[in-house]
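Contents: one structure, followed by commentary.
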Amino acid sequence: MLLNCGQPLPLLRHTDVPPRVIENFILSGYRFPNYSLRECLLSAFRPTNETGNFWTHFLPVFIFSYYFVEVFGWEGAPQGDAPFFYPLWNYYIGVFCLLMASSMAHLLNSMSLVVREVCFFVDYGTISSYTVGSSLAYYYYIHPRAGIVETGGPNGSRVDQNTEPSGGSTSSYAIPEFSVFFETFYIPCACFVAIICVLSCCNTRQRWRKYRYIIRTFVFLLPFLVSSTPVFYRLLTRSPYSATSPSFAASTTTANFFYRHCLWLLVSAVFNISKLPERLAPGRFDIWGHSHQWFHCCTFLSILDELHMIKAEVRAILLSPTLLLPPATMSRLPGPTIASTYGVMLLLQTTIVSIIVWFSWCASCIYGPQRDQLVKGHPKKHLKCH
(Lines give C-alpha, C1' and ligand atoms only; values in the text may rest on other atoms or scores of the structure.)
Protein backbone atom coordinates (compact mmCIF):
# COMPACT_ATOMS: atom_id res chain seq x y z
CA MET A 1 0.00 0.00 0.00
CA LEU A 2 1.39 3.37 -0.96
CA LEU A 3 1.08 6.27 1.45
CA ASN A 4 1.57 9.81 0.25
CA CYS A 5 3.59 10.61 3.32
CA GLY A 6 5.02 14.11 3.03
CA GLN A 7 8.22 14.86 4.87
CA PRO A 8 8.31 18.17 6.76
CA LEU A 9 8.91 21.11 4.48
CA PRO A 10 12.43 22.51 4.73
CA LEU A 11 13.06 25.56 6.88
CA LEU A 12 14.40 28.57 5.06
CA ARG A 13 16.70 31.52 5.52
CA HIS A 14 15.50 35.11 5.48
CA THR A 15 16.67 35.48 1.87
CA ASP A 16 14.28 32.72 0.72
CA VAL A 17 10.98 34.05 2.08
CA PRO A 18 8.85 37.09 1.17
CA PRO A 19 9.99 40.31 2.84
CA ARG A 20 6.68 40.48 4.69
CA VAL A 21 7.62 37.38 6.69
CA ILE A 22 11.08 38.50 7.78
CA GLU A 23 11.66 39.50 11.39
CA ASN A 24 14.50 41.80 12.40
CA PHE A 25 17.77 39.98 13.17
CA ILE A 26 16.18 36.52 12.67
CA LEU A 27 18.11 34.89 9.82
CA SER A 28 16.86 31.29 9.67
CA GLY A 29 14.12 28.89 10.75
CA TYR A 30 11.45 30.41 8.50
CA ARG A 31 8.44 28.56 7.10
CA PHE A 32 7.33 29.57 3.62
CA PRO A 33 3.78 31.02 3.69
CA ASN A 34 2.12 28.15 1.79
CA TYR A 35 1.71 25.58 4.57
CA SER A 36 -1.47 23.59 4.99
CA LEU A 37 -3.32 23.62 8.32
CA ARG A 38 -1.94 20.18 9.14
CA GLU A 39 1.62 21.23 8.37
CA CYS A 40 1.22 24.31 10.56
CA LEU A 41 -0.02 22.23 13.48
CA LEU A 42 2.81 19.74 13.12
CA SER A 43 5.35 22.57 13.02
CA ALA A 44 4.66 23.11 16.73
CA PHE A 45 6.92 20.08 17.29
CA ARG A 46 9.67 21.26 14.95
CA PRO A 47 12.41 23.76 15.83
CA THR A 48 11.24 26.75 13.74
CA ASN A 49 11.64 30.39 14.68
CA GLU A 50 7.96 30.39 15.73
CA THR A 51 8.00 27.23 17.87
CA GLY A 52 9.05 29.03 21.04
CA ASN A 53 6.54 31.81 20.38
CA PHE A 54 3.77 29.22 20.27
CA TRP A 55 4.69 27.29 23.41
CA THR A 56 5.44 30.37 25.55
CA HIS A 57 1.78 31.37 25.32
CA PHE A 58 0.11 27.97 24.87
CA LEU A 59 1.43 26.29 28.02
CA PRO A 60 0.56 29.34 30.18
CA VAL A 61 -3.13 28.72 29.39
CA PHE A 62 -3.02 25.69 31.67
CA ILE A 63 -0.91 27.39 34.34
CA PHE A 64 -3.29 30.35 34.46
CA SER A 65 -6.36 28.08 34.60
CA TYR A 66 -4.85 26.12 37.50
CA TYR A 67 -4.45 29.24 39.64
CA PHE A 68 -7.77 30.70 38.49
CA VAL A 69 -10.03 27.84 39.64
CA GLU A 70 -8.57 27.98 43.15
CA VAL A 71 -10.93 30.84 43.97
CA PHE A 72 -14.04 28.66 43.74
CA GLY A 73 -12.78 26.34 46.47
CA TRP A 74 -12.38 29.06 49.07
CA GLU A 75 -14.52 28.94 52.18
CA GLY A 76 -17.50 31.23 51.90
CA ALA A 77 -17.19 31.63 48.14
CA PRO A 78 -20.49 31.65 46.20
CA GLN A 79 -21.19 29.15 43.45
CA GLY A 80 -19.09 29.59 40.33
CA ASP A 81 -22.07 30.84 38.34
CA ALA A 82 -23.08 33.46 40.95
CA PRO A 83 -23.23 37.12 39.82
CA PHE A 84 -20.36 37.87 42.20
CA PHE A 85 -18.01 35.96 39.89
CA TYR A 86 -19.24 37.43 36.58
CA PRO A 87 -16.34 39.94 36.40
CA LEU A 88 -13.84 37.21 37.26
CA TRP A 89 -15.14 34.97 34.48
CA ASN A 90 -14.91 37.86 32.02
CA TYR A 91 -11.32 38.39 33.09
CA TYR A 92 -10.62 34.70 32.55
CA ILE A 93 -12.20 34.80 29.09
CA GLY A 94 -10.04 37.80 28.20
CA VAL A 95 -6.83 36.13 29.31
CA PHE A 96 -7.73 32.77 27.75
CA CYS A 97 -8.51 34.35 24.38
CA LEU A 98 -5.33 36.44 24.51
CA LEU A 99 -3.06 33.47 25.17
CA MET A 100 -4.80 31.17 22.68
CA ALA A 101 -4.99 33.78 19.92
CA SER A 102 -1.34 34.68 20.39
CA SER A 103 -0.13 31.09 20.32
CA MET A 104 -2.34 30.18 17.34
CA ALA A 105 -1.27 33.29 15.44
CA HIS A 106 2.37 32.22 15.69
CA LEU A 107 1.52 28.64 14.75
CA LEU A 108 -0.82 29.26 11.80
CA ASN A 109 0.62 32.39 10.23
CA SER A 110 2.52 30.47 7.54
CA MET A 111 -0.62 29.33 5.71
CA SER A 112 -0.53 32.42 3.49
CA LEU A 113 0.31 36.10 3.68
CA VAL A 114 -3.37 36.93 4.07
CA VAL A 115 -3.84 34.41 6.88
CA ARG A 116 -0.71 35.80 8.51
CA GLU A 117 -2.25 39.27 8.62
CA VAL A 118 -5.60 37.99 9.89
CA CYS A 119 -3.89 35.97 12.64
CA PHE A 120 -2.19 39.02 14.06
CA PHE A 121 -5.26 41.23 13.67
CA VAL A 122 -7.08 38.72 15.89
CA ASP A 123 -4.11 38.75 18.25
CA TYR A 124 -4.36 42.53 18.67
CA GLY A 125 -8.12 42.27 19.15
CA THR A 126 -7.81 39.77 21.99
CA ILE A 127 -5.20 41.92 23.73
CA SER A 128 -7.67 44.80 23.75
CA SER A 129 -10.47 42.51 24.98
CA TYR A 130 -8.19 41.36 27.79
CA THR A 131 -7.66 44.95 28.94
CA VAL A 132 -11.43 45.43 29.24
CA GLY A 133 -11.76 42.09 31.07
CA SER A 134 -9.16 43.37 33.52
CA SER A 135 -11.04 46.64 33.87
CA LEU A 136 -14.25 44.80 34.79
CA ALA A 137 -12.41 42.81 37.46
CA TYR A 138 -10.75 45.97 38.80
CA TYR A 139 -14.06 47.82 38.83
CA TYR A 140 -15.95 45.25 40.84
CA TYR A 141 -13.17 43.98 43.12
CA ILE A 142 -10.67 46.83 43.51
CA HIS A 143 -12.97 49.77 42.86
CA PRO A 144 -13.11 52.11 45.90
CA ARG A 145 -16.71 51.01 46.53
CA ALA A 146 -16.19 47.33 45.73
CA GLY A 147 -18.26 45.20 48.05
CA ILE A 148 -20.10 48.15 49.58
CA VAL A 149 -23.77 47.33 49.66
CA GLU A 150 -26.70 49.71 49.31
CA THR A 151 -29.59 48.54 51.47
CA GLY A 152 -32.99 50.08 51.97
CA GLY A 153 -33.64 51.98 55.19
CA PRO A 154 -36.29 54.19 56.75
CA ASN A 155 -34.84 57.22 55.04
CA GLY A 156 -34.03 55.56 51.76
CA SER A 157 -30.83 53.85 50.79
CA ARG A 158 -27.80 53.77 53.00
CA VAL A 159 -24.31 52.30 52.79
CA ASP A 160 -23.18 49.38 54.92
CA GLN A 161 -19.45 48.83 55.16
CA ASN A 162 -16.79 47.52 57.45
CA THR A 163 -15.65 50.74 59.05
CA GLU A 164 -12.84 51.60 61.38
CA PRO A 165 -13.63 51.48 65.09
CA SER A 166 -13.72 55.24 65.06
CA GLY A 167 -16.71 55.06 62.74
CA GLY A 168 -15.14 56.38 59.57
CA SER A 169 -17.45 56.72 56.61
CA THR A 170 -17.07 56.14 52.90
CA SER A 171 -15.96 59.72 52.37
CA SER A 172 -13.00 59.18 54.68
CA TYR A 173 -11.27 57.13 52.04
CA ALA A 174 -13.18 57.97 48.87
CA ILE A 175 -12.19 61.06 46.89
CA PRO A 176 -15.44 62.71 45.74
CA GLU A 177 -13.81 64.20 42.62
CA PHE A 178 -13.20 60.71 41.24
CA SER A 179 -16.64 59.29 41.95
CA VAL A 180 -18.11 60.52 38.66
CA PHE A 181 -15.26 59.01 36.68
CA PHE A 182 -15.42 55.65 38.46
CA GLU A 183 -19.18 55.33 38.40
CA THR A 184 -19.86 56.69 34.91
CA PHE A 185 -16.82 56.85 32.67
CA TYR A 186 -14.34 54.18 33.77
CA ILE A 187 -15.71 51.17 31.82
CA PRO A 188 -16.72 53.23 28.72
CA CYS A 189 -13.22 54.76 28.68
CA ALA A 190 -11.64 51.31 28.91
CA CYS A 191 -13.72 50.13 25.95
CA PHE A 192 -13.00 53.24 23.88
CA VAL A 193 -9.26 52.99 24.48
CA ALA A 194 -9.34 49.26 23.62
CA ILE A 195 -10.93 50.06 20.25
CA ILE A 196 -8.32 52.76 19.57
CA CYS A 197 -5.59 50.22 20.32
CA VAL A 198 -6.99 47.68 17.86
CA LEU A 199 -7.23 50.29 15.12
CA SER A 200 -3.69 51.56 15.76
CA CYS A 201 -2.04 48.14 15.96
CA CYS A 202 -3.81 46.83 12.87
CA ASN A 203 -2.67 49.94 11.03
CA THR A 204 0.96 49.19 11.88
CA ARG A 205 0.76 46.09 9.68
CA GLN A 206 -0.12 48.21 6.66
CA ARG A 207 1.69 51.46 7.39
CA TRP A 208 4.18 52.85 9.90
CA ARG A 209 6.08 49.58 9.45
CA LYS A 210 9.44 51.03 10.44
CA TYR A 211 8.24 51.98 13.92
CA ARG A 212 5.66 49.23 14.39
CA TYR A 213 7.14 47.72 17.55
CA ILE A 214 7.49 51.07 19.28
CA ILE A 215 3.98 52.11 18.29
CA ARG A 216 2.40 48.85 19.44
CA THR A 217 4.21 48.96 22.76
CA PHE A 218 3.26 52.53 23.59
CA VAL A 219 -0.28 52.16 22.25
CA PHE A 220 -0.94 49.48 24.86
CA LEU A 221 0.48 51.73 27.58
CA LEU A 222 -2.71 53.81 27.40
CA PRO A 223 -5.17 51.01 28.29
CA PHE A 224 -2.85 49.98 31.12
CA LEU A 225 -3.03 53.48 32.60
CA VAL A 226 -6.80 53.69 32.21
CA SER A 227 -7.53 50.16 33.45
CA SER A 228 -5.23 50.51 36.45
CA THR A 229 -6.93 53.66 37.75
CA PRO A 230 -8.75 51.80 40.57
CA VAL A 231 -5.45 50.26 41.67
CA PHE A 232 -3.71 53.64 41.68
CA TYR A 233 -6.64 54.97 43.68
CA ARG A 234 -6.39 52.13 46.20
CA LEU A 235 -2.63 52.65 46.61
CA LEU A 236 -2.98 56.40 47.14
CA THR A 237 -5.78 56.19 49.73
CA ARG A 238 -6.24 54.17 52.85
CA SER A 239 -7.83 50.76 52.75
CA PRO A 240 -11.63 50.59 53.15
CA TYR A 241 -11.14 47.67 55.52
CA SER A 242 -10.58 47.86 59.25
CA ALA A 243 -6.90 47.44 60.15
CA THR A 244 -7.82 44.63 62.53
CA SER A 245 -10.01 42.72 60.08
CA PRO A 246 -8.96 39.62 58.10
CA SER A 247 -9.96 41.50 54.95
CA PHE A 248 -7.29 44.10 55.60
CA ALA A 249 -4.65 41.37 55.98
CA ALA A 250 -5.78 39.68 52.77
CA SER A 251 -5.61 42.90 50.74
CA THR A 252 -2.14 43.93 51.93
CA THR A 253 -0.53 41.85 49.18
CA THR A 254 -2.30 43.84 46.45
CA ALA A 255 0.42 46.48 46.23
CA ASN A 256 3.26 43.96 45.91
CA PHE A 257 1.48 42.01 43.18
CA PHE A 258 0.69 45.22 41.30
CA TYR A 259 4.31 46.43 41.46
CA ARG A 260 5.48 43.08 40.12
CA HIS A 261 2.80 43.23 37.44
CA CYS A 262 4.19 46.62 36.35
CA LEU A 263 7.78 45.38 36.47
CA TRP A 264 7.09 42.44 34.17
CA LEU A 265 5.23 44.72 31.76
CA LEU A 266 8.20 47.09 31.70
CA VAL A 267 10.67 44.27 31.04
CA SER A 268 8.45 42.87 28.29
CA ALA A 269 8.32 46.31 26.65
CA VAL A 270 12.12 46.51 26.73
CA PHE A 271 12.40 43.14 24.98
CA ASN A 272 9.78 44.06 22.40
CA ILE A 273 11.40 47.36 21.45
CA SER A 274 15.11 46.55 21.80
CA LYS A 275 15.05 43.16 20.01
CA LEU A 276 17.64 41.86 22.42
CA PRO A 277 19.45 39.48 22.46
CA GLU A 278 19.23 38.73 18.70
CA ARG A 279 20.25 42.30 17.86
CA LEU A 280 23.67 41.60 19.42
CA ALA A 281 24.16 38.28 17.62
CA PRO A 282 21.95 37.92 14.52
CA GLY A 283 21.37 34.27 13.67
CA ARG A 284 22.35 32.86 17.06
CA PHE A 285 18.91 33.12 18.68
CA ASP A 286 16.79 32.30 15.64
CA ILE A 287 15.10 29.24 17.17
CA TRP A 288 15.35 29.63 20.93
CA GLY A 289 15.91 32.64 23.15
CA HIS A 290 15.01 35.54 20.89
CA SER A 291 13.26 38.64 22.20
CA HIS A 292 9.69 37.71 21.31
CA GLN A 293 9.88 34.56 23.39
CA TRP A 294 11.11 36.55 26.38
CA PHE A 295 8.39 39.10 25.65
CA HIS A 296 5.79 36.32 25.88
CA CYS A 297 7.25 34.99 29.13
CA CYS A 298 7.27 38.41 30.76
CA THR A 299 3.74 39.29 29.66
CA PHE A 300 2.45 36.03 31.11
CA LEU A 301 4.25 36.63 34.41
CA SER A 302 2.61 40.06 34.53
CA ILE A 303 -0.80 38.46 33.94
CA LEU A 304 -0.14 35.88 36.64
CA ASP A 305 0.72 38.57 39.19
CA GLU A 306 -2.37 40.47 38.11
CA LEU A 307 -4.47 37.35 38.78
CA HIS A 308 -2.96 37.01 42.25
CA MET A 309 -3.72 40.68 42.92
CA ILE A 310 -7.36 40.27 41.88
CA LYS A 311 -7.66 37.08 43.94
CA ALA A 312 -6.34 38.93 47.00
CA GLU A 313 -9.10 41.52 46.66
CA VAL A 314 -11.75 38.85 46.05
CA ARG A 315 -10.64 37.09 49.22
CA ALA A 316 -10.77 40.38 51.13
CA ILE A 317 -14.39 40.92 50.09
CA LEU A 318 -15.35 37.33 50.94
CA LEU A 319 -13.76 37.67 54.39
CA SER A 320 -15.83 40.74 55.16
CA PRO A 321 -19.42 39.55 55.78
CA THR A 322 -20.76 43.10 56.21
CA LEU A 323 -19.56 43.95 52.70
CA LEU A 324 -21.23 41.02 50.97
CA LEU A 325 -24.97 40.61 50.76
CA PRO A 326 -26.45 37.15 51.36
CA PRO A 327 -27.87 35.41 48.28
CA ALA A 328 -31.45 36.31 49.25
CA THR A 329 -30.75 40.01 48.80
CA MET A 330 -28.02 39.79 46.16
CA SER A 331 -30.26 41.62 43.71
CA ARG A 332 -29.89 44.79 45.81
CA LEU A 333 -26.12 44.78 45.35
CA PRO A 334 -25.07 47.55 42.95
CA GLY A 335 -22.62 45.12 41.43
CA PRO A 336 -22.13 42.81 38.48
CA THR A 337 -24.97 41.82 36.21
CA ILE A 338 -25.01 39.92 32.93
CA ALA A 339 -25.50 43.19 31.04
CA SER A 340 -22.71 45.05 32.86
CA THR A 341 -20.16 42.26 32.38
CA TYR A 342 -20.90 39.77 29.59
CA GLY A 343 -22.96 42.39 27.78
CA VAL A 344 -20.10 44.87 27.78
CA MET A 345 -17.66 42.24 26.51
CA LEU A 346 -20.09 41.10 23.81
CA LEU A 347 -20.57 44.65 22.55
CA LEU A 348 -16.82 45.23 22.56
CA GLN A 349 -16.12 41.96 20.78
CA THR A 350 -18.67 42.79 18.09
CA THR A 351 -16.93 46.10 17.45
CA ILE A 352 -13.48 44.51 17.41
CA VAL A 353 -14.60 41.75 15.03
CA SER A 354 -15.94 44.42 12.67
CA ILE A 355 -12.55 46.15 12.72
CA ILE A 356 -10.72 42.86 12.11
CA VAL A 357 -13.01 42.02 9.18
CA TRP A 358 -12.31 45.40 7.60
CA PHE A 359 -8.54 45.13 7.92
CA SER A 360 -8.64 41.50 6.77
CA TRP A 361 -10.49 42.53 3.62
CA CYS A 362 -7.83 45.21 2.99
CA ALA A 363 -5.08 42.60 3.52
CA SER A 364 -6.81 40.23 1.11
CA CYS A 365 -6.87 42.96 -1.55
CA ILE A 366 -3.15 43.60 -1.04
CA TYR A 367 -1.76 40.08 -0.62
CA GLY A 368 -4.41 37.89 -2.23
CA PRO A 369 -3.16 38.47 -5.80
CA GLN A 370 0.35 37.43 -4.70
CA ARG A 371 -0.78 33.98 -3.54
CA ASP A 372 -0.60 32.17 -6.89
CA GLN A 373 2.71 33.83 -7.70
CA LEU A 374 4.22 32.70 -4.40
CA VAL A 375 3.01 29.12 -4.83
CA LYS A 376 4.37 29.00 -8.39
CA GLY A 377 7.72 30.38 -7.27
CA HIS A 378 8.01 28.02 -4.31
CA PRO A 379 6.14 24.74 -4.97
CA LYS A 380 5.85 22.17 -2.17
CA LYS A 381 8.03 19.10 -2.53
CA HIS A 382 6.84 15.87 -0.94
CA LEU A 383 8.39 12.41 -0.96
CA LYS A 384 6.46 9.17 -1.19
CA CYS A 385 7.10 6.56 1.49
CA HIS A 386 6.23 2.88 1.09
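Letters for chains follow the order of the C-alpha coordinates (A, B, ...), residue numbers begin at 1 for each chain, and ligand numbers begin at 1 in the order shown.
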
- Can you list, as a ChimeraX atom specification, every protein, DNA or RNA residue that comes within 8 Å of Ser112 (chain A) when you count only C-alpha atoms, leaving out same-chain residues fewer than 4 positions away? /A:33-35,116,371

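The protein and nucleic acid residues lying at most 12 Å from Val270 (chain A) are Tyr213, Ile214, Thr217, Phe218, Leu263, Trp264, Leu265, Leu266, Ser274, Lys275, Leu276, Pro277, Ser291, His292, Trp294, Phe295, Cys298 and Thr299 of chain A, with only C-alpha atoms considered and sequence neighbours fewer than 4 positions away removed.
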
- Task: Write down as number ranges by chain the residues belonging to region 100-146 of chain A that are assigned helix (DSSP H, G or I) by DSSP computed on the backbone.
- Result: A: 100-108, 113-141

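Across the model, the gap from CA of Ala101 (chain A) to CA of Asn24 (chain A) is 22.4 Å.
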
- Close residues, region 302-316 of chain A itself excluded, 8 Å, only C-alpha atoms, min 6 positions apart in chain, as an MDAnalysis selection string: chainID A and resid 64 68 71 95 137:138 141:142 246:251 253:255 257:258 260:265

- Using only C-alpha atoms, determine which residues lie at most 10 Å from region 43-59 of chain A, disregarding the query and same-chain residues fewer than 3 positions distant; provide the list as a VMD selection string. chain A and resid 8 to 9 11 to 12 23 26 to 31 35 37 to 40 62 to 64 96 98 to 110 285 to 300

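Backbone DSSP assigns strand (DSSP E) in region 56-279 of chain A to A:Val149, A:Glu150, A:Thr151, A:Gly152, A:Gly153, A:Gly156, A:Ser157, A:Arg158, A:Val159, A:Asp160.
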
- Note on the structure: What separates CA of Ser360 (chain A) and CA of Glu117 (chain A) is a distance of 7.0 Å

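Considering the residues A:Val198, A:Leu225, A:Met345, A:Val118 and counting only C-alpha atoms, Tyr86 (chain A) has its shortest atom-to-atom contact with A:Met345.
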
- Selected residue of minimal separation from Ser320 (chain A) among A:Leu113, A:Gly76, A:Ser200, A:Cys97, counting only C-alpha atoms: A:Gly76

- Pick out the closest residue to Ser228 (chain A) from this set: A:Arg13, A:His143, A:Arg212, A:Arg205. Count only C-alpha atoms. A:His143

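Omitting Phe84 (chain A) and its sequence neighbours fewer than 3 positions away, and counting only C-alpha atoms, the residues within 8 Å are Pro78, Pro87, Gly335 and Pro336 of chain A.
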
- Note on the structure: Of A:Val17, A:Ala281, A:Cys119, A:Ala339, the one sitting nearest Leu136 (chain A) when using only C-alpha atoms is A:Ala339

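Using only C-alpha atoms, the shortest contact distance between Val122 (chain A) and any of A:Leu42, A:Cys202, A:Pro240, A:Thr341 is found at A:Cys202.
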